[in-house]
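**Student:** Here it is: the structure, laid out below.
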Amino acid sequence: MSNIPETGRTQRVQIRLVVIQILVFSLLLTLGGRLWYLQIRNGQEYTDEAKNNHVQQVVQPAVRGSILDARGVPLADNETRLVVSASRTELMKMKDDGVGVLTRLAEVLDMKPKDVQDKVRLCDAKTPQPCWNGSPYQPIPVTDEATTQQALQIRERAEDFPGITAEPTAVRRYAAPGKANTAQVLGYLSPVTDEELTKAQDTDSPYLRSDQVGRSGLERTYDKELRGKAGVTRYEVDNLGRVIGEAQNDEAQPGASVVTSIDARVQAVAEYELDQAMKAARKEMDRNTNEYYKADSGAVVVMEAKTGRVVSMASLPTYDPNSWVGGISAKDYAELTGKKSNFPLLNRAIQGTAAPGSIFKVISSTAAVNAGYPFDGNYPCPSSYSIGNQTFKNFESQGYGNITIGRALEVSCDTVYYGIAHKEWQKDGGNKPKKNANDWFYKTAHQFGLGKETGIDLPNEVAGRVPDRQWKRDFYDANRESWCKQGKKDGTYVEQLAYEGCAEGYKMRAGDSVNYSIGQGDTLVTPIQMATIYAAISNGGTLYDPTVGKAIVSGDGRTVQEIEPQAHGKLPFKGDTRDKIDQALAGVATQGSAAWRFGGWPQDKIPMHAKTGTAEVYGKQTTSWFATYTKDYSIVMTISQGGTGSGASGPAVRNIYNAIYGLDGEGKQDLKKALLPQPQKALPKITPDGSIVSPKIKPYTPEPPADEGTQALALAVAPGRRD
């Protein structure tokens, strides 16, 4: 028997009971506190999460709106294709990260396994294309060109292809009607990025993870209108994922269509003629270097003179925007962006800059008149002009005696402008400029709209450059340190330039001013700027914002929002200066430097005005410019390293006009063949169901060239300069 007293045993039992009670109470207190935290403190948050756990969303992508030409011909629309996609989320759950599945998929699709794997990897700063720059949580397209047989194999062998889908999907199509590529104007699409998703959350046009976003051209400018609004259906499900009801259904709203001022027929002509002009230039010899012209890039703009609407815009080299649909391949990406690509993604009509050469002289002529030099006064046109030990020559060293400013425009006499610009430089103080120098030539260029964007409705337009005194100072401040480090008085040509720049690079020297007066030196313009200027001369002086978009038509066709032309300024003409410049430019086409390209032109019915330009570029061959207008249109073409203005660009511009007005090589008009004898004012016809009527379009067939007799007559009219 135990010797422990009964009272001691009772005390130990009581202590144990107390301890157990304390433990139980503590557990209850902890549980109660946790319940309070979950139900009271964070109750709303968990309630919301619980609701979300029982709601599943199904997204129905909106059909992207079409981009149409002025007559309703689709330039960009959609077509249904079999798209094979991979779920990266599912692939990453596999032991081999889905390599086996992707290898089997490559075999079915007749692709290389590496190409398939590259398509589904995520883009970052170190990952080259191809890669996926969209959300990693949405299906990643592997191909949009799957055959029906390939899609059936994938769906019937679902156990071999977990995470892989093959579904009919509406994808973007760039139709190139009549071979009118229009690539740089249209742009292309690529998936929305996580960064864009975050930024767009608080806007009135948020992105969904499945969205494709316009990256350039009209696809970017009008992305919000074209994209539409995706449909979202929300289903209530139980904890096993079974649908127990529909919570909400927001129907998809198709994107609006953008009607442009582009005419696909004229676009096809412009692209063809620019390409032919560049090919022809490469067969001509540069007499300065005894090498063939490279003609490595070019651009042409056709614009309505009275509205600023762009009828055609072509840029070479170009690309196929369809290569971006469904994800771009490594080979295609390298061809579009590599060092040897010559950058076909660049729209040289709005992003390519070059010295304008003699087409700049309409600005210099206006500046001279505004500075007090009579348009009809007599000015010497010697074969050369000397300043100190520096001699500036006329093109082909040709002189014309004493002539007017109008005649100087006609024959493109450089020395007339040299003389006037030099006098103005002296009046402004020369090397010791006055505090408030007049700077007529620079001021007038700004008034013509140079040195700033035109405001065209295409992204990434560049402003060009007017090398005035402020630019000189800014350029000097930015480069002084570098110049002073490498400059040598008796070094190489580049070192001597650096030495001079270090010493007085901030000065506006006489040579700078006279060179500037003929569109040379540091002046940079774009084709769209010059097309806008020549259109303004045609219409009497109004500078319009160039536009490509003409109207936005809602997906159901019920709402049409027209995009009206907007003016941004007036040319600084005084009195009858515009009319005299207009008359002189008509003379360029009939008896001046462009006359040999307009032999047989019906000047009495369709007055033609033109200006040729051949710009010298340090280290390169000359840039060809040809600027023209009628009462309806202005056309400007440029070819980098293409030779002379009338020599390289002239025939192509003439052929574009022939197609527009229905003229043959001898100037006889057939209105049945005319594409746009006058600008098109009406919008395309919209049917009651909201669709837009699209007329058929035929590929461009060039007219035969003028006969030898007509060409000989044209040469006889203008036997001299071929600027």
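Note on naming: chains are A, B, ... as they come in the structure tokens, residues start from 1 per chain, ligands start from 1 in the order shown.
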Please list as a list in words every residue within 12 Å of Arg104 in chain A, counting only C-alpha atoms and excluding residues in the same chain fewer than 5 positions away.

**Tutor:**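 Counting only C-alpha atoms, the residues come to Gly98, Val99, Leu109, Asp110, Met111, Lys112, Pro113, Lys114, Val116, Gln117, Gln150, Gln153, Ile154, Arg157, Ala158, Glu159, Asp160, Phe161, Pro162 and Ile164 of chain A.
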
**Student:** Could you write out, as a PyMOL selection string, all the residues of range 146-367 of chain A that DSSP marks as alpha helix (DSSP H)?

**Tutor:** chain A and resi 148-156+183-186+194-199+217-221+223-227+264-281+330-337+348-351+361-367

**Student:** Would you work out the distance separating CA of Arg220 in chain A from CA of Pro565 in chain A, expressed in Å to one decimal?

**Tutor:**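 Interatomic distance here is 20.3 Å.
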
**Student:** Using only C-alpha atoms, which residues of range 292-343 of chain A come within 12 Å of range 651-659 of chain A, and what is the closest atom pair for each, with the distance in Å to one decimal? Give it as CSV, sorted by chain and residue number.

**Tutor:**
```
residue,atom,partner,partner_atom,distance
A:Gly298,CA,A:Ala652,CA,11.9
A:Ala299,CA,A:Val653,CA,11.4
A:Val300,CA,A:Val653,CA,8.7
A:Val301,CA,A:Val653,CA,10.0
A:Val302,CA,A:Ile656,CA,8.9
A:Met303,CA,A:Tyr657,CA,11.9
A:Val311,CA,A:Ile656,CA,11.6
A:Ser312,CA,A:Ile656,CA,10.3
```

**Student:** Report, in Å to a single decimal, how far apart CA of Ile420 in chain A and CA of Glu500 in chain A are.

**Tutor:**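 These two atoms are separated by 25.7 Å.
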
**Student:** Would you write out, as JSON lines, a table of all residues in range 501-574 of chain A that have an atom no more than 9 Å from an atom of range 608-620 of chain A, listing for each the closest atom pair and the distance in Å to one decimal, considering only C-alpha atoms and ordering rows by chain and rising residue number?

**Tutor:**
```
{"residue": "A:Gly519", "atom": "CA", "partner": "A:Ala615", "partner_atom": "CA", "distance": 7.5}
{"residue": "A:Gln520", "atom": "CA", "partner": "A:Ala615", "partner_atom": "CA", "distance": 6.5}
{"residue": "A:Gly521", "atom": "CA", "partner": "A:Val617", "partner_atom": "CA", "distance": 8.3}
{"residue": "A:Ser538", "atom": "CA", "partner": "A:His609", "partner_atom": "CA", "distance": 8.7}
```

**Student:** Take CA of Pro356 in chain A and CA of Ile518 in chain A and report the distance between them in Å, one decimal.

**Tutor:**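 Taking CA of Pro356 in chain A as the start and CA of Ile518 in chain A as the end point, the length is 8.3 Å.
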
**Student:** Quick one: of A:Cys484, A:Leu671, A:Ile635, A:Ile537, who's nearest to Tyr499 in chain A, counting only C-alpha atoms?

**Tutor:**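 Selected residue with least distance to Tyr499 in chain A: A:Cys484.
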
**Student:** Using the chain letters and numbers from this document, which residues of range 227-469 of chain A does DSSP assign to strand (DSSP E or B), as a PDB file with C-alpha atoms, in the first residue's frame?

**Tutor:**
```
ATOM      1  CA  LYS A 229     -13.795  45.354 -76.172  1.00  0.00           C
ATOM      2  CA  GLY A 231     -16.472  39.803 -74.002  1.00  0.00           C
ATOM      3  CA  VAL A 232     -16.306  38.305 -70.502  1.00  0.00           C
ATOM      4  CA  THR A 233     -18.694  35.600 -69.231  1.00  0.00           C
ATOM      5  CA  ARG A 234     -18.546  34.837 -65.504  1.00  0.00           C
ATOM      6  CA  TYR A 235     -19.750  31.409 -64.308  1.00  0.00           C
ATOM      7  CA  GLU A 236     -20.544  30.352 -60.736  1.00  0.00           C
ATOM      8  CA  VAL A 237     -18.920  26.994 -59.927  1.00  0.00           C
ATOM      9  CA  VAL A 243     -20.918  25.168 -63.297  1.00  0.00           C
ATOM     10  CA  ILE A 244     -23.936  25.955 -61.160  1.00  0.00           C
ATOM     11  CA  GLY A 245     -25.042  29.171 -62.882  1.00  0.00           C
ATOM     12  CA  GLU A 246     -24.103  32.220 -64.954  1.00  0.00           C
ATOM     13  CA  ALA A 247     -23.225  35.267 -62.864  1.00  0.00           C
ATOM     14  CA  GLN A 248     -22.720  37.900 -65.559  1.00  0.00           C
ATOM     15  CA  ASN A 249     -22.213  38.136 -69.315  1.00  0.00           C
ATOM     16  CA  ASP A 250     -20.587  41.131 -71.045  1.00  0.00           C
ATOM     17  CA  GLN A 253     -17.858  44.560 -78.909  1.00  0.00           C
ATOM     18  CA  SER A 257     -12.896  50.157 -88.747  1.00  0.00           C
ATOM     19  CA  VAL A 258     -10.570  52.967 -89.806  1.00  0.00           C
ATOM     20  CA  VAL A 259     -11.190  54.353 -93.275  1.00  0.00           C
ATOM     21  CA  THR A 260      -8.025  55.961 -94.610  1.00  0.00           C
ATOM     22  CA  MET A 285      27.304  55.576-113.001  1.00  0.00           C
ATOM     23  CA  ASP A 286      28.254  58.233-110.467  1.00  0.00           C
ATOM     24  CA  GLU A 291      30.852  53.673-109.196  1.00  0.00           C
ATOM     25  CA  TYR A 292      27.237  52.720-109.751  1.00  0.00           C
ATOM     26  CA  SER A 297      16.561  53.552 -99.770  1.00  0.00           C
ATOM     27  CA  GLY A 298      13.784  55.857-100.840  1.00  0.00           C
ATOM     28  CA  ALA A 299      10.341  57.249-100.153  1.00  0.00           C
ATOM     29  CA  VAL A 300       7.456  58.875-101.977  1.00  0.00           C
ATOM     30  CA  VAL A 301       4.392  60.767-100.722  1.00  0.00           C
ATOM     31  CA  VAL A 302       1.246  61.579-102.704  1.00  0.00           C
ATOM     32  CA  MET A 303      -0.907  64.173-100.909  1.00  0.00           C
ATOM     33  CA  GLU A 304      -4.160  65.992-101.611  1.00  0.00           C
ATOM     34  CA  ARG A 309      -4.760  63.908 -96.792  1.00  0.00           C
ATOM     35  CA  VAL A 310      -2.208  61.292 -97.774  1.00  0.00           C
ATOM     36  CA  VAL A 311      -3.243  59.335-100.880  1.00  0.00           C
ATOM     37  CA  SER A 312      -0.115  57.198-100.945  1.00  0.00           C
ATOM     38  CA  MET A 313       2.998  56.776 -98.843  1.00  0.00           C
ATOM     39  CA  ALA A 314       5.711  54.308 -99.780  1.00  0.00           C
ATOM     40  CA  SER A 315       9.071  53.572 -98.215  1.00  0.00           C
ATOM     41  CA  LEU A 316      11.841  51.232 -99.360  1.00  0.00           C
ATOM     42  CA  ALA A 354      18.277  64.240 -95.576  1.00  0.00           C
ATOM     43  CA  TYR A 379      20.721  88.972-109.881  1.00  0.00           C
ATOM     44  CA  PRO A 380      24.012  87.617-111.212  1.00  0.00           C
ATOM     45  CA  CYS A 381      24.162  83.877-111.878  1.00  0.00           C
ATOM     46  CA  SER A 384      30.753  79.990-109.196  1.00  0.00           C
ATOM     47  CA  TYR A 385      30.761  82.233-106.127  1.00  0.00           C
ATOM     48  CA  SER A 386      33.807  82.870-103.941  1.00  0.00           C
ATOM     49  CA  ILE A 387      34.013  83.760-100.260  1.00  0.00           C
ATOM     50  CA  GLN A 390      36.411  79.125-100.636  1.00  0.00           C
ATOM     51  CA  THR A 391      34.617  78.670-103.974  1.00  0.00           C
ATOM     52  CA  PHE A 392      31.004  77.504-104.284  1.00  0.00           C
ATOM     53  CA  LYS A 393      30.067  76.257-107.752  1.00  0.00           C
ATOM     54  CA  GLY A 401      24.128  85.832-116.599  1.00  0.00           C
ATOM     55  CA  ASN A 402      21.773  88.231-114.814  1.00  0.00           C
ATOM     56  CA  ILE A 403      18.417  86.571-114.055  1.00  0.00           C
ATOM     57  CA  ARG A 465      16.571  70.265 -88.462  1.00  0.00           C
TER      58      ARG A 465
END
```

**Student:** Got a sec: who's within 7 Å of Pro467 in chain A, counting only C-alpha atoms, leaving out chain neighbours fewer than 4 positions off, as a list of chain:residue names?

**Tutor:**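 Close residues of Pro467 in chain A: A:Trp471, A:Lys472, A:Asp522, A:Thr523.
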
**Student:** Contacts of Leu497 in chain A at 10 Å or less, counting only C-alpha atoms, minus same-chain residues fewer than 5 places along, as an mmCIF file with N, CA, C and O atoms, in the first residue's frame?

**Tutor:**
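Okay, around.cif is ready:
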```
data_model
loop_
_atom_site.group_PDB
_atom_site.id
_atom_site.type_symbol
_atom_site.label_atom_id
_atom_site.label_comp_id
_atom_site.auth_asym_id
_atom_site.auth_seq_id
_atom_site.Cartn_x
_atom_site.Cartn_y
_atom_site.Cartn_z
ATOM 1 N N TRP A 483 35.504 67.477 -79.732
ATOM 2 C CA TRP A 483 36.274 68.150 -80.773
ATOM 3 C C TRP A 483 37.666 68.544 -80.269
ATOM 4 O O TRP A 483 38.665 68.340 -80.951
ATOM 5 N N GLN A 486 40.181 65.522 -80.030
ATOM 6 C CA GLN A 486 40.690 64.863 -81.231
ATOM 7 C C GLN A 486 41.168 65.826 -82.309
ATOM 8 O O GLN A 486 41.783 65.416 -83.286
ATOM 9 N N GLY A 487 40.919 67.125 -82.141
ATOM 10 C CA GLY A 487 41.251 68.083 -83.182
ATOM 11 C C GLY A 487 42.748 68.321 -83.348
ATOM 12 O O GLY A 487 43.492 68.422 -82.370
ATOM 13 N N LYS A 488 43.186 68.378 -84.612
ATOM 14 C CA LYS A 488 44.572 68.692 -84.948
ATOM 15 C C LYS A 488 44.582 69.615 -86.152
ATOM 16 O O LYS A 488 43.942 69.337 -87.163
ATOM 17 N N LYS A 489 45.358 70.702 -86.048
ATOM 18 C CA LYS A 489 45.381 71.693 -87.119
ATOM 19 C C LYS A 489 45.903 71.120 -88.420
ATOM 20 O O LYS A 489 45.399 71.425 -89.498
ATOM 21 N N GLY A 491 46.179 67.732 -89.061
ATOM 22 C CA GLY A 491 45.878 66.299 -89.081
ATOM 23 C C GLY A 491 45.080 65.904 -90.307
ATOM 24 O O GLY A 491 45.082 66.588 -91.340
ATOM 25 N N THR A 492 44.368 64.792 -90.194
ATOM 26 C CA THR A 492 43.500 64.335 -91.277
ATOM 27 C C THR A 492 42.345 65.316 -91.449
ATOM 28 O O THR A 492 42.148 66.231 -90.634
ATOM 29 N N CYS A 502 36.338 72.959 -82.451
ATOM 30 C CA CYS A 502 36.747 73.322 -81.093
ATOM 31 C C CYS A 502 36.988 74.823 -80.985
ATOM 32 O O CYS A 502 36.620 75.461 -80.003
ATOM 33 N N ALA A 503 37.595 75.408 -82.024
ATOM 34 C CA ALA A 503 37.965 76.818 -81.986
ATOM 35 C C ALA A 503 36.764 77.745 -82.150
ATOM 36 O O ALA A 503 36.618 78.731 -81.419
ATOM 37 N N GLY A 505 33.275 76.487 -83.433
ATOM 38 C CA GLY A 505 32.121 75.724 -83.902
ATOM 39 C C GLY A 505 30.788 76.365 -83.594
ATOM 40 O O GLY A 505 29.763 75.984 -84.160
#
```

**Student:** Which residue out of A:Ala498, A:Leu346, A:Ala510, A:Ala334 has the minimum interatomic distance to Tyr476 in chain A when only C-alpha atoms are used?

**Tutor:**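 Closest candidate: A:Ala498.
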
**Student:** Using only C-alpha atoms, which of A:Ala371, A:Ala445, A:Val693, A:Met94 sits nearest Lys423 in chain A?

**Tutor:**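 Of all the options, A:Ala371 lies closest to Lys423 in chain A.
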